[in-house]
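Trainee: File protein_15.cif below, mmCIF, C-alpha atoms:
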```cif
data_structure
loop_
_atom_site.label_atom_id
_atom_site.label_comp_id
_atom_site.auth_asym_id
_atom_site.auth_seq_id
_atom_site.Cartn_x
_atom_site.Cartn_y
_atom_site.Cartn_z
CA MET L 1 71.62 136.76 106.06
CA TRP L 2 72.09 140.00 104.09
CA ARG L 3 69.37 141.69 106.09
CA ASP L 4 71.13 140.71 109.31
CA ALA L 5 74.47 141.86 107.88
CA LEU L 6 73.05 145.32 107.18
CA LEU L 7 71.49 145.45 110.63
CA ILE L 8 74.78 144.59 112.35
CA ALA L 9 76.83 146.92 110.14
CA GLY L 10 74.43 149.81 110.78
CA LYS L 11 74.47 149.19 114.52
CA ASP L 12 78.27 148.90 114.70
CA LEU L 13 78.86 152.01 112.61
CA ARG L 14 76.43 153.97 114.75
CA ILE L 15 78.28 152.84 117.87
CA GLU L 16 81.65 153.76 116.36
CA LEU L 17 80.35 157.14 115.22
CA ARG L 18 79.17 157.82 118.74
CA SER L 19 82.15 156.45 120.66
CA LYS L 20 84.65 158.08 118.25
CA VAL L 21 87.24 155.41 119.07
CA ALA L 22 88.26 155.13 115.41
CA PHE L 23 88.66 158.88 115.04
CA ASN L 24 90.27 159.62 118.41
CA GLN L 25 92.54 156.59 118.74
CA ILE L 26 92.95 154.45 115.61
CA LEU L 27 93.50 157.34 113.16
CA PRO L 28 96.18 159.09 115.28
CA PHE L 29 97.83 155.71 115.87
CA ALA L 30 98.00 154.97 112.13
CA PHE L 31 99.34 158.46 111.50
CA ILE L 32 102.07 157.97 114.12
CA VAL L 33 103.03 154.61 112.60
CA LEU L 34 103.36 156.25 109.19
CA ILE L 35 105.64 158.97 110.55
CA VAL L 36 107.73 156.84 112.93
CA PHE L 37 108.54 154.21 110.31
CA ALA L 38 109.60 156.92 107.91
CA PHE L 39 111.99 158.40 110.48
CA ALA L 40 113.31 154.96 111.33
CA LEU L 41 114.18 154.18 107.73
CA ASP L 42 115.52 157.26 106.00
CA THR L 43 114.38 160.80 105.42
CA SER L 44 115.66 161.10 101.86
CA PRO L 45 112.77 161.73 99.42
CA ASP L 46 113.86 158.97 97.02
CA THR L 47 113.79 156.27 99.70
CA LEU L 48 110.50 157.48 101.15
CA GLN L 49 108.81 157.51 97.74
CA LYS L 50 110.04 153.98 97.10
CA VAL L 51 108.86 152.52 100.42
CA ALA L 52 105.67 154.61 100.69
CA PRO L 53 103.25 151.80 99.62
CA GLY L 54 104.82 149.33 102.06
CA LEU L 55 104.71 151.77 104.95
CA PHE L 56 101.14 152.71 104.10
CA TRP L 57 99.89 149.12 104.17
CA LEU L 58 101.92 148.31 107.27
CA ALA L 59 100.23 151.22 109.03
CA VAL L 60 96.82 150.00 107.83
CA LEU L 61 97.48 146.40 108.92
CA ILE L 62 98.68 147.38 112.39
CA SER L 63 95.77 149.80 112.82
CA SER L 64 93.31 147.17 111.65
CA ILE L 65 94.19 145.08 114.72
CA LEU L 66 92.70 147.81 116.90
CA GLY L 67 89.67 148.09 114.63
CA VAL L 68 88.76 144.40 114.49
CA ASP L 69 89.43 143.97 118.20
CA ARG L 70 87.03 146.80 118.87
CA ALA L 71 84.40 145.30 116.52
CA ILE L 72 84.31 142.09 118.55
CA ALA L 73 84.68 143.82 121.93
CA ILE L 74 81.34 145.53 121.28
CA GLU L 75 79.69 142.11 121.42
CA THR L 76 81.61 140.68 124.36
CA HIS L 77 80.58 143.50 126.69
CA ASP L 78 77.47 142.47 128.61
CA ASN L 79 77.46 139.23 126.56
CA ALA L 80 75.72 140.98 123.69
CA SER L 81 76.80 138.17 121.35
CA ASP L 82 74.56 135.79 123.34
CA GLY L 83 71.79 138.30 122.79
CA LEU L 84 72.35 138.15 119.04
CA LEU L 85 72.05 134.36 119.17
CA VAL L 86 68.86 134.54 121.24
CA TYR L 87 67.41 137.09 118.79
CA GLY L 88 68.00 134.59 116.00
CA VAL L 89 70.48 136.75 114.07
CA ASP L 90 72.22 134.66 111.40
CA PRO L 91 75.88 134.12 112.41
CA GLY L 92 76.95 134.53 108.79
CA GLY L 93 75.10 137.85 108.80
CA ILE L 94 76.88 138.88 112.01
CA PHE L 95 80.23 138.12 110.35
CA LEU L 96 79.42 139.99 107.14
CA GLY L 97 78.01 142.94 109.08
CA LYS L 98 81.18 143.20 111.16
CA VAL L 99 83.28 142.97 107.99
CA VAL L 100 81.29 145.79 106.36
CA SER L 101 81.62 147.95 109.46
CA VAL L 102 85.39 147.39 109.75
CA PHE L 103 85.79 147.84 105.98
CA VAL L 104 84.05 151.24 106.03
CA GLN L 105 86.18 152.43 108.96
CA LEU L 106 89.44 151.18 107.45
CA PHE L 107 88.63 152.61 104.03
CA LEU L 108 87.93 156.03 105.53
CA LEU L 109 91.19 155.72 107.48
CA GLU L 110 93.02 154.91 104.25
CA ILE L 111 91.63 158.01 102.53
CA VAL L 112 93.08 160.18 105.29
CA LEU L 113 96.33 158.20 105.35
CA ILE L 114 96.84 158.42 101.59
CA ILE L 115 96.61 162.20 101.83
CA ALA L 116 99.13 162.10 104.67
CA MET L 117 101.38 159.77 102.67
CA VAL L 118 101.37 162.07 99.63
CA VAL L 119 102.14 165.09 101.83
CA LEU L 120 104.84 163.35 103.90
CA TYR L 121 106.53 161.12 101.32
CA GLY L 122 105.60 162.82 98.05
CA PRO L 123 105.11 159.75 95.82
CA LYS L 124 103.74 160.35 92.33
CA ILE L 125 100.65 158.21 91.88
CA GLY L 126 100.09 157.23 88.27
CA GLY L 127 97.41 154.54 88.07
CA TRP L 128 94.58 155.64 90.34
CA PRO L 129 92.14 152.91 89.22
CA LEU L 130 94.60 150.21 90.36
CA VAL L 131 95.24 152.09 93.61
CA VAL L 132 91.52 152.23 94.42
CA ILE L 133 90.64 148.67 93.33
CA SER L 134 93.64 147.19 95.17
CA ALA L 135 92.72 149.17 98.27
CA VAL L 136 89.13 147.88 98.14
CA PHE L 137 90.12 144.21 97.98
CA ALA L 138 93.07 144.53 100.37
CA THR L 139 90.82 146.22 102.92
CA LEU L 140 88.11 143.61 102.40
CA GLY L 141 90.65 140.82 102.94
CA ILE L 142 92.09 142.40 106.08
CA SER L 143 88.59 143.07 107.44
CA ALA L 144 87.34 139.51 106.78
CA ALA L 145 90.43 137.78 108.18
CA GLY L 146 90.57 140.26 111.06
CA VAL L 147 86.97 139.74 112.16
CA LEU L 148 87.34 135.96 111.89
CA TYR L 149 90.54 135.78 113.94
CA SER L 150 89.40 138.40 116.41
CA GLN L 151 86.30 136.33 117.15
CA LEU L 152 88.50 133.26 117.45
CA ALA L 153 90.82 135.04 119.89
CA SER L 154 88.00 136.63 121.91
CA SER L 155 87.36 133.52 123.99
CA SER L 156 91.02 133.34 125.00
CA LYS L 157 92.27 134.96 128.19
CA ALA L 158 95.22 136.30 126.18
CA LYS L 159 93.09 137.79 123.41
CA GLN L 160 94.99 141.10 123.20
CA THR L 161 98.27 139.36 122.42
CA LEU L 162 96.78 136.43 120.53
CA LEU L 163 95.03 138.53 117.87
CA PRO L 164 98.17 140.14 116.37
CA LEU L 165 99.92 136.80 116.61
CA LEU L 166 97.18 135.23 114.50
CA LEU L 167 96.34 138.08 112.16
CA VAL L 168 99.69 139.52 111.11
CA PRO L 169 101.13 136.29 109.63
CA VAL L 170 97.81 135.42 107.97
CA ALA L 171 97.42 138.89 106.47
CA SER L 172 101.02 139.12 105.29
CA PRO L 173 100.05 138.07 101.72
CA VAL L 174 97.72 141.09 101.68
CA LEU L 175 100.53 143.33 102.90
CA LEU L 176 102.83 142.01 100.18
CA ALA L 177 100.27 142.04 97.36
CA ALA L 178 98.83 145.46 98.20
CA THR L 179 102.35 146.92 98.39
CA LYS L 180 103.38 145.40 95.05
CA SER L 181 100.11 146.37 93.44
CA TRP L 182 100.50 149.97 94.56
CA GLN L 183 104.09 150.03 93.38
CA ASP L 184 102.76 148.95 89.96
CA ALA L 185 100.07 151.61 90.16
CA PHE L 186 102.54 154.33 91.17
CA ALA L 187 104.57 153.33 88.11
CA GLY L 188 101.47 153.95 85.99
CA SER L 189 100.20 150.37 85.42
CA GLY L 190 96.53 149.75 84.68
CA TRP L 191 94.44 147.44 86.85
CA LEU L 192 93.70 144.88 84.16
CA GLY L 193 95.96 141.87 84.42
CA ASP L 194 97.78 142.95 87.58
CA PRO L 195 98.80 139.64 89.24
CA TRP L 196 98.95 141.16 92.74
CA LEU L 197 95.41 142.42 92.41
CA ARG L 198 94.31 138.89 91.55
CA LEU L 199 95.93 137.64 94.77
CA LEU L 200 94.10 140.31 96.78
CA ILE L 201 90.78 139.30 95.21
CA VAL L 202 91.35 135.61 95.94
CA PHE L 203 92.35 136.34 99.55
CA ALA L 204 89.26 138.48 100.15
CA VAL L 205 86.88 135.97 98.56
CA VAL L 206 88.40 133.02 100.47
CA TYR L 207 88.17 134.75 103.86
CA LEU L 208 84.67 136.08 103.21
CA ALA L 209 83.57 132.53 102.37
CA LEU L 210 85.40 130.97 105.34
CA GLY L 211 83.94 133.50 107.74
CA THR L 212 80.40 133.15 106.45
CA VAL L 213 80.54 129.37 106.75
CA PHE L 214 82.49 128.92 109.99
CA TYR L 215 81.53 131.98 112.06
CA ASN L 216 78.66 130.07 113.63
CA SER L 217 81.00 127.36 114.98
CA ILE L 218 83.43 129.96 116.33
CA LEU L 219 80.67 132.08 117.90
CA GLU L 220 79.07 129.12 119.65
CA GLY L 221 82.43 127.77 120.82
CA MET T 1 49.24 118.65 125.57
CA GLN T 2 52.69 119.04 124.03
CA ASP T 3 55.49 120.15 126.33
CA LEU T 4 57.08 123.50 125.45
CA VAL T 5 60.21 122.41 127.28
CA SER T 6 61.31 118.81 127.49
CA PHE T 7 64.68 117.85 128.98
CA LYS T 8 65.54 114.20 129.45
CA ASN T 9 68.73 113.34 131.35
CA VAL T 10 70.43 116.44 129.96
CA VAL T 11 74.12 116.80 130.70
CA VAL T 12 76.07 119.96 129.87
CA VAL T 13 79.83 119.99 130.28
CA SER T 14 81.84 123.21 130.25
CA GLY T 15 85.54 122.53 129.82
CA ASN T 16 85.92 119.37 131.89
CA PHE T 17 83.30 120.41 134.40
CA PRO T 18 79.70 119.12 134.32
CA ILE T 19 77.45 122.13 135.01
CA LEU T 20 74.24 120.17 134.41
CA THR T 21 74.44 116.56 135.48
CA GLY T 22 71.27 114.93 134.21
CA ILE T 23 68.33 117.31 134.21
CA ASP T 24 64.85 115.82 133.74
CA PHE T 25 62.25 118.53 133.25
CA GLU T 26 59.07 119.16 131.31
CA ALA T 27 56.87 122.24 131.15
CA GLY T 28 53.70 122.81 129.17
CA PRO T 29 51.91 125.92 127.90
CA GLY T 30 50.66 128.33 130.53
CA GLU T 31 52.91 127.10 133.33
CA VAL T 32 54.77 129.42 135.67
CA VAL T 33 57.72 127.49 137.05
CA SER T 34 59.71 128.89 139.93
CA VAL T 35 63.27 127.54 139.78
CA LYS T 36 64.97 127.46 143.16
CA GLY T 37 68.32 126.33 144.44
CA ARG T 38 71.45 127.37 146.25
CA ASN T 39 74.14 129.56 144.70
CA GLY T 40 76.00 127.48 142.16
CA ALA T 41 73.31 124.82 141.98
CA GLY T 42 73.01 125.22 138.22
CA LYS T 43 69.88 127.42 137.92
CA THR T 44 71.37 129.97 135.53
CA SER T 45 73.03 127.22 133.49
CA PHE T 46 69.67 125.48 133.26
CA LEU T 47 68.01 128.62 131.89
CA ARG T 48 70.87 129.16 129.43
CA ALA T 49 70.56 125.56 128.29
CA VAL T 50 66.82 126.00 127.74
CA ALA T 51 67.60 129.17 125.75
CA GLY T 52 69.87 127.10 123.50
CA LEU T 53 73.00 128.94 124.60
CA LEU T 54 74.76 125.87 126.00
CA ARG T 55 75.72 122.85 123.95
CA ILE T 56 73.95 119.72 125.21
CA THR T 57 76.62 117.10 125.84
CA ARG T 58 74.28 114.18 126.51
CA GLY T 59 70.56 113.50 126.76
CA SER T 60 67.69 114.84 124.71
CA ALA T 61 66.22 118.33 124.84
CA SER T 62 63.52 120.11 122.92
CA VAL T 63 62.14 123.60 123.30
CA LEU T 64 58.98 124.79 121.53
CA GLY T 65 59.04 121.58 119.55
CA VAL T 66 62.58 122.16 118.26
CA ASP T 67 65.38 119.69 118.99
CA LEU T 68 68.00 121.69 120.94
CA VAL T 69 70.73 119.12 120.36
CA SER T 70 70.68 119.27 116.58
CA ASN T 71 69.18 122.68 115.87
CA PRO T 72 69.26 125.15 118.77
CA ALA T 73 69.11 128.22 116.53
CA ASP T 74 65.53 127.51 115.44
CA ALA T 75 64.19 127.78 118.98
CA ARG T 76 66.23 130.70 120.25
CA HIS T 77 64.42 133.56 118.55
CA ARG T 78 61.12 132.41 120.09
CA VAL T 79 62.62 132.47 123.59
CA GLY T 80 62.98 135.58 125.75
CA LEU T 81 65.88 135.56 128.20
CA LEU T 82 66.24 138.20 130.90
CA GLY T 83 69.32 137.37 132.91
CA HIS T 84 72.33 138.83 134.63
CA ASP T 85 73.55 140.12 131.26
CA SER T 86 71.28 142.69 129.68
CA PHE T 87 72.66 142.20 126.11
CA LEU T 88 72.56 146.00 125.71
CA TYR T 89 74.95 148.25 123.79
CA GLU T 90 76.31 151.02 126.00
CA ASP T 91 76.75 153.58 123.21
CA LEU T 92 73.18 153.22 121.97
CA THR T 93 70.21 154.89 123.61
CA ALA T 94 67.38 153.00 125.28
CA ARG T 95 65.18 153.55 122.23
CA GLU T 96 67.92 152.42 119.81
CA ASN T 97 68.60 149.29 121.85
CA VAL T 98 64.95 148.25 121.92
CA SER T 99 64.54 149.09 118.24
CA PHE T 100 67.62 146.98 117.40
CA VAL T 101 66.23 143.99 119.31
CA LEU T 102 62.89 144.22 117.54
CA ARG T 103 64.50 144.47 114.11
CA ALA T 104 66.86 141.60 114.92
CA THR T 105 63.93 139.40 115.97
CA ARG T 106 61.82 140.59 113.02
CA SER T 107 59.22 141.91 115.43
CA ASP T 108 56.98 144.92 114.94
CA THR T 109 59.11 148.04 115.55
CA ALA T 110 55.95 150.05 116.21
CA ARG T 111 56.07 148.56 119.72
CA VAL T 112 59.25 150.43 120.69
CA GLU T 113 57.56 153.47 122.21
CA SER T 114 54.78 151.57 123.96
CA SER T 115 57.18 149.08 125.55
CA LEU T 116 59.48 151.84 126.76
CA ALA T 117 56.49 153.72 128.15
CA ALA T 118 55.30 150.54 129.88
CA VAL T 119 58.46 150.46 132.01
CA GLY T 120 58.46 154.23 132.57
CA LEU T 121 61.22 155.17 130.13
CA THR T 122 59.62 158.09 128.37
CA GLY T 123 60.78 161.44 127.03
CA ARG T 124 64.40 162.29 127.79
CA LEU T 125 65.06 158.93 129.47
CA SER T 126 64.45 156.97 126.27
CA ASP T 127 67.10 159.03 124.49
CA LEU T 128 69.76 158.48 127.15
CA LYS T 129 72.73 156.31 126.27
CA VAL T 130 72.68 153.07 128.25
CA ALA T 131 76.23 153.84 129.42
CA VAL T 132 74.96 156.62 131.69
CA MET T 133 72.01 154.69 133.06
CA SER T 134 71.71 153.13 136.52
CA ALA T 135 71.52 149.36 136.96
CA GLY T 136 67.77 149.59 137.46
CA GLN T 137 67.27 151.68 134.33
CA ARG T 138 69.36 149.23 132.28
CA LYS T 139 67.19 146.41 133.54
CA LYS T 140 64.14 148.39 132.46
CA VAL T 141 65.54 148.77 128.93
CA ALA T 142 66.18 145.02 128.72
CA LEU T 143 62.70 144.41 130.09
CA ALA T 144 61.16 146.80 127.54
CA ALA T 145 62.82 144.84 124.74
CA LEU T 146 61.48 141.59 126.17
CA LEU T 147 57.94 142.95 126.60
CA ALA T 148 57.95 144.22 123.01
CA ARG T 149 59.07 140.82 121.68
CA GLU T 150 56.28 138.87 123.39
CA PRO T 151 58.20 135.58 123.41
CA GLU T 152 56.48 132.21 123.68
CA LEU T 153 58.83 131.09 126.43
CA TRP T 154 60.06 133.53 129.10
CA LEU T 155 63.30 132.66 130.89
CA LEU T 156 63.85 135.06 133.75
CA ASP T 157 66.91 135.00 136.01
CA GLU T 158 66.36 137.19 139.06
CA PRO T 159 64.01 139.43 137.05
CA HIS T 160 63.02 141.61 139.97
CA ALA T 161 66.58 142.46 141.02
CA SER T 162 67.36 146.20 140.70
CA LEU T 163 63.76 147.00 139.76
CA ASP T 164 61.54 149.36 141.74
CA SER T 165 58.20 148.02 143.01
CA TRP T 166 56.24 149.80 140.27
CA THR T 167 58.28 148.13 137.51
CA ARG T 168 58.06 144.78 139.32
CA ASP T 169 54.29 145.08 139.11
CA VAL T 170 54.55 145.95 135.41
CA LEU T 171 56.63 142.81 134.84
CA ASP T 172 54.27 140.61 136.83
CA SER T 173 51.24 141.97 134.96
CA ALA T 174 52.95 141.33 131.62
CA LEU T 175 53.79 137.78 132.67
CA ILE T 176 50.22 137.10 133.83
CA ALA T 177 48.94 138.30 130.44
CA ALA T 178 51.53 136.19 128.60
CA VAL T 179 50.64 133.07 130.60
CA ALA T 180 46.95 133.66 129.89
CA ASN T 181 47.86 133.59 126.19
CA GLY T 182 49.62 130.23 126.55
CA SER T 183 53.20 131.35 127.13
CA THR T 184 55.35 129.53 129.65
CA VAL T 185 57.49 131.24 132.28
CA LEU T 186 60.57 129.84 134.01
CA VAL T 187 61.73 132.19 136.73
CA VAL T 188 64.81 131.93 138.92
CA SER T 189 64.56 134.04 142.04
CA HIS T 190 65.99 134.05 145.52
CA GLU T 191 63.33 136.50 146.61
CA PRO T 192 60.12 135.34 148.29
CA HIS T 193 57.04 135.15 146.10
CA HIS T 194 56.14 138.62 144.95
CA GLY T 195 52.99 140.25 143.65
CA ALA T 196 50.19 138.72 141.65
CA LEU T 197 52.24 136.22 139.65
CA VAL T 198 51.70 132.86 141.35
CA PRO T 199 53.97 129.95 140.33
CA THR T 200 52.06 126.86 139.32
CA ARG T 201 55.08 124.78 140.18
CA THR T 202 58.37 125.00 142.04
CA VAL T 203 61.42 123.15 140.84
CA GLU T 204 64.52 122.88 142.97
CA ILE T 205 67.90 122.37 141.37
CA GLY T 206 70.94 121.05 143.19
CA GLY T 207 74.18 119.62 141.90
CA GLY T 208 73.15 120.36 138.33
CA LYS T 209 69.95 118.29 138.39
CA VAL T 210 66.33 118.58 139.51
CA ILE T 211 66.01 117.43 143.12
CA ASN T 212 62.46 118.60 143.86
CA ASP T 213 59.47 119.21 141.62
CA VAL T 214 56.39 120.41 143.49
CA ARG T 215 53.15 121.54 141.89
CA ALA T 216 51.19 124.21 143.72
CA SER T 217 48.35 122.90 145.80
CA GLY T 218 45.12 122.88 143.87
CA SER T 219 46.73 122.06 140.54
CA ALA T 220 45.73 118.87 138.76
CA ASP T 221 48.53 116.72 140.07
CA ALA T 222 49.55 118.49 143.22
CA ALA T 223 52.46 117.42 145.31
CA LEU T 224 54.36 115.74 142.53
CA THR T 225 57.60 115.53 144.38
CA THR T 226 60.73 113.73 143.45
CA LYS T 227 63.72 113.48 145.67
CA LEU T 228 66.76 112.79 143.57
CA GLY T 229 69.57 113.80 145.86
CA THR T 230 71.36 116.99 146.65
CA GLY T 231 74.64 118.70 145.99
CA ASN T 232 76.16 121.73 144.42
CA VAL T 233 78.16 122.55 141.34
CA ALA T 234 79.99 125.80 140.71
#
```
Here is the file; what I need is its structure written in the form of structure tokens.

Mentor:
Amino acid sequence: MWRDALLIAGKDLRIELRSKVAFNQILPFAFIVLIVFAFALDTSPDTLQKVAPGLFWLAVLISSILGVDRAIAIETHDNASDGLLVYGVDPGGIFLGKVVSVFVQLFLLEIVLIIAMVVLYGPKIGGWPLVVISAVFATLGISAAGVLYSQLASSSKAKQTLLPLLLVPVASPVLLAATKSWQDAFAGSGWLGDPWLRLLIVFAVVYLALGTVFYNSILEG
Amino acid sequence: MQDLVSFKNVVVVSGNFPILTGIDFEAGPGEVVSVKGRNGAGKTSFLRAVAGLLRITRGSASVLGVDLVSNPADARHRVGLLGHDSFLYEDLTARENVSFVLRATRSDTARVESSLAAVGLTGRLSDLKVAVMSAGQRKKVALAALLAREPELWLLDEPHASLDSWTRDVLDSALIAAVANGSTVLVVSHEPHHGALVPTRTVEIGGGKVINDVRASGSADAALTTKLGTGNVA
């Protein structure tokens, strides 16, 4: 399964690197979300610094919809997912490979967005370890839930509208916990004992397990 | 001699629609079965069912000794399917696509270059992204991946479509060699018999079931013919 996961992740990342969809479309979109929400709320520095974590994770969540949709669309074109089944690729490995690929893309997106957030909103970030660890598990949770629900929605005729309808409510605990965790981190808290981080870890582990077990049933319809 | 493919009264339902309505079919090692039938008769669905890509609703089915009803995944990686879908990734090159298939099937990746060369995709062509290739070239890439895999059971749906005569001969030669080694070939084609590959048997499908099963003259039990009725499904 792990071998298949690495194979799928490598293939997907190579495709993304070549198509540049993440760089040319998802990154600018996330950047626009970050700016537009800031304008919509308030331009005073105090307000922006306070809401910066929430806006950041909202931008990541909305952008992730494009990313996970793209990850599954790669396999629906020319029925490549049938090919994977015929080649005997482990469905759990397909799921984990897609999660790794989406995780890498989202994490790189977050690195760029965090720089943009600091420049635009000017928050003072105190606890970097908590920021990084929260980001890792939040991104893992969004990626796992996103790939699972995107695959689920892919067989529907209304997949473009169904995916956000499924993913956003499900991932709202991640949005909440990542925001709270970052607010704690910005206030200088350490990562040990942070309750919101624990929620992010549980969410990621649960969705990784669910996806690994049930992806086969979803893939085969 | 054990059958490589054994379908007994197989029914496959998609949504509420029966796409296979009770297929009875057996094929042993070294057979070349030509699958005929009108558009919508169920030929492609039959091949997809044999490949383990359709859930068997009723009946019993085994492929390469593996029960397709309970465990389709164990048979799939030993089956080669060349159909209307090429299963290729547009943003990967021909070489990368074939290499991916071989790694996914745990086959020898040293065969990438030789299989691409066998279908005439050498030099610059093998480094072209599939997205910029013609339909015929895409078919060649899919064929190269299949040749490199050397499956035990070949399922071919209109394999000669889009291919030039030279590549058709390459395919036929590869199939003759595979059959000589005990592989079985099921080929759906609307085209008249082509080249050196001679079917040992012709099966006609209509209404989602086998309506004619004729062995080529000269074979052990020639003229095995069953008339089971006619009809079409979508």

Trainee: May I have the residues of chain L within 8 Å of chain T, counting all atoms listed in the file, written as a PyMOL selection string?

Mentor: chain L and resi 4+7+11+14-15+18-19+74+77-89+220

Trainee: Please provide the set of residues having any atom within 7 Å of segment 133-140 of chain L, restricted to all atoms listed in the file, with same-chain residues fewer than 5 positions apart removed, written as a count of residues only.

Mentor: 10

Trainee: By how many Å are atom CA of Ser45 of chain T and atom CA of Phe7 of chain T apart?

Mentor: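 Going from atom CA of Ser45 of chain T over to atom CA of Phe7 of chain T covers 13.3 Å.
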
Trainee: Could you pull the residues within 8 Å of Gly127 of chain L, counting all atoms listed in the file, minus those fewer than 5 positions along the same chain, as a PyMOL selection string?

Mentor: chain L and resi 184-191

Trainee: Is there a way to get, as a PDB file with C-alpha atoms, in the coordinates of the input, all residues within 10 Å of the point (54.0, 132.8, 125.6) in file coordinates, counting all atoms listed in the file?

Mentor:
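Writing done, so here's point-v9.pdb:
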```pdb
ATOM      1  CA  LEU T   4      57.080 123.500 125.450  1.00  0.00           C
ATOM      2  CA  PRO T  29      51.910 125.920 127.900  1.00  0.00           C
ATOM      3  CA  GLY T  30      50.660 128.330 130.530  1.00  0.00           C
ATOM      4  CA  GLU T  31      52.910 127.100 133.330  1.00  0.00           C
ATOM      5  CA  ARG T  78      61.120 132.410 120.090  1.00  0.00           C
ATOM      6  CA  VAL T  79      62.620 132.470 123.590  1.00  0.00           C
ATOM      7  CA  GLY T  80      62.980 135.580 125.750  1.00  0.00           C
ATOM      8  CA  GLU T 150      56.280 138.870 123.390  1.00  0.00           C
ATOM      9  CA  PRO T 151      58.200 135.580 123.410  1.00  0.00           C
ATOM     10  CA  GLU T 152      56.480 132.210 123.680  1.00  0.00           C
ATOM     11  CA  LEU T 153      58.830 131.090 126.430  1.00  0.00           C
ATOM     12  CA  TRP T 154      60.060 133.530 129.100  1.00  0.00           C
ATOM     13  CA  LEU T 175      53.790 137.780 132.670  1.00  0.00           C
ATOM     14  CA  ALA T 177      48.940 138.300 130.440  1.00  0.00           C
ATOM     15  CA  ALA T 178      51.530 136.190 128.600  1.00  0.00           C
ATOM     16  CA  VAL T 179      50.640 133.070 130.600  1.00  0.00           C
ATOM     17  CA  ALA T 180      46.950 133.660 129.890  1.00  0.00           C
ATOM     18  CA  ASN T 181      47.860 133.590 126.190  1.00  0.00           C
ATOM     19  CA  GLY T 182      49.620 130.230 126.550  1.00  0.00           C
ATOM     20  CA  SER T 183      53.200 131.350 127.130  1.00  0.00           C
ATOM     21  CA  THR T 184      55.350 129.530 129.650  1.00  0.00           C
ATOM     22  CA  VAL T 185      57.490 131.240 132.280  1.00  0.00           C
TER      23      VAL T 185
END
```

Trainee: Name the residues in contact with Ala5 of chain L at a cut-off of 6 Å, using all atoms listed in the file, excluding same-chain residues fewer than 5 positions from it; report them as a list in words.

Mentor: Gly93, Ile94, Leu96 and Gly97 of chain L

Trainee: Write out as an mmCIF file with C-alpha atoms, keeping the file's coordinate frame each polymer residue whose atoms come within 12 Å of Phe95 of chain L, counting all atoms listed in the file; drop sequence neighbours fewer than 4 positions from it.

Mentor:
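The resulting file, out-v5.cif, is shown below:
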```cif
data_model
loop_
_atom_site.group_PDB
_atom_site.id
_atom_site.type_symbol
_atom_site.label_atom_id
_atom_site.label_comp_id
_atom_site.auth_asym_id
_atom_site.auth_seq_id
_atom_site.Cartn_x
_atom_site.Cartn_y
_atom_site.Cartn_z
ATOM 1 C CA MET L 1 71.620 136.760 106.060
ATOM 2 C CA TRP L 2 72.090 140.000 104.090
ATOM 3 C CA ASP L 4 71.130 140.710 109.310
ATOM 4 C CA ALA L 5 74.470 141.860 107.880
ATOM 5 C CA LEU L 6 73.050 145.320 107.180
ATOM 6 C CA LEU L 7 71.490 145.450 110.630
ATOM 7 C CA ILE L 8 74.780 144.590 112.350
ATOM 8 C CA ALA L 9 76.830 146.920 110.140
ATOM 9 C CA ASP L 12 78.270 148.900 114.700
ATOM 10 C CA VAL L 68 88.760 144.400 114.490
ATOM 11 C CA ALA L 71 84.400 145.300 116.520
ATOM 12 C CA ILE L 72 84.310 142.090 118.550
ATOM 13 C CA GLU L 75 79.690 142.110 121.420
ATOM 14 C CA SER L 81 76.800 138.170 121.350
ATOM 15 C CA LEU L 84 72.350 138.150 119.040
ATOM 16 C CA VAL L 89 70.480 136.750 114.070
ATOM 17 C CA ASP L 90 72.220 134.660 111.400
ATOM 18 C CA PRO L 91 75.880 134.120 112.410
ATOM 19 C CA VAL L 99 83.280 142.970 107.990
ATOM 20 C CA VAL L 100 81.290 145.790 106.360
ATOM 21 C CA SER L 101 81.620 147.950 109.460
ATOM 22 C CA VAL L 102 85.390 147.390 109.750
ATOM 23 C CA SER L 143 88.590 143.070 107.440
ATOM 24 C CA ALA L 144 87.340 139.510 106.780
ATOM 25 C CA ALA L 145 90.430 137.780 108.180
ATOM 26 C CA GLY L 146 90.570 140.260 111.060
ATOM 27 C CA VAL L 147 86.970 139.740 112.160
ATOM 28 C CA LEU L 148 87.340 135.960 111.890
ATOM 29 C CA TYR L 149 90.540 135.780 113.940
ATOM 30 C CA SER L 150 89.400 138.400 116.410
ATOM 31 C CA GLN L 151 86.300 136.330 117.150
ATOM 32 C CA LEU L 152 88.500 133.260 117.450
ATOM 33 C CA TYR L 207 88.170 134.750 103.860
ATOM 34 C CA LEU L 208 84.670 136.080 103.210
ATOM 35 C CA ALA L 209 83.570 132.530 102.370
ATOM 36 C CA LEU L 210 85.400 130.970 105.340
ATOM 37 C CA GLY L 211 83.940 133.500 107.740
ATOM 38 C CA THR L 212 80.400 133.150 106.450
ATOM 39 C CA VAL L 213 80.540 129.370 106.750
ATOM 40 C CA PHE L 214 82.490 128.920 109.990
ATOM 41 C CA TYR L 215 81.530 131.980 112.060
ATOM 42 C CA ASN L 216 78.660 130.070 113.630
ATOM 43 C CA SER L 217 81.000 127.360 114.980
ATOM 44 C CA ILE L 218 83.430 129.960 116.330
ATOM 45 C CA LEU L 219 80.670 132.080 117.900
#
```

Trainee: Can you work out the spacing between atom CA of Val198 of chain T and atom CA of Asp213 of chain T in Å, to one decimal?

Mentor: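 Result for atom CA of Val198 of chain T versus atom CA of Asp213 of chain T: 15.7 Å, one decimal.
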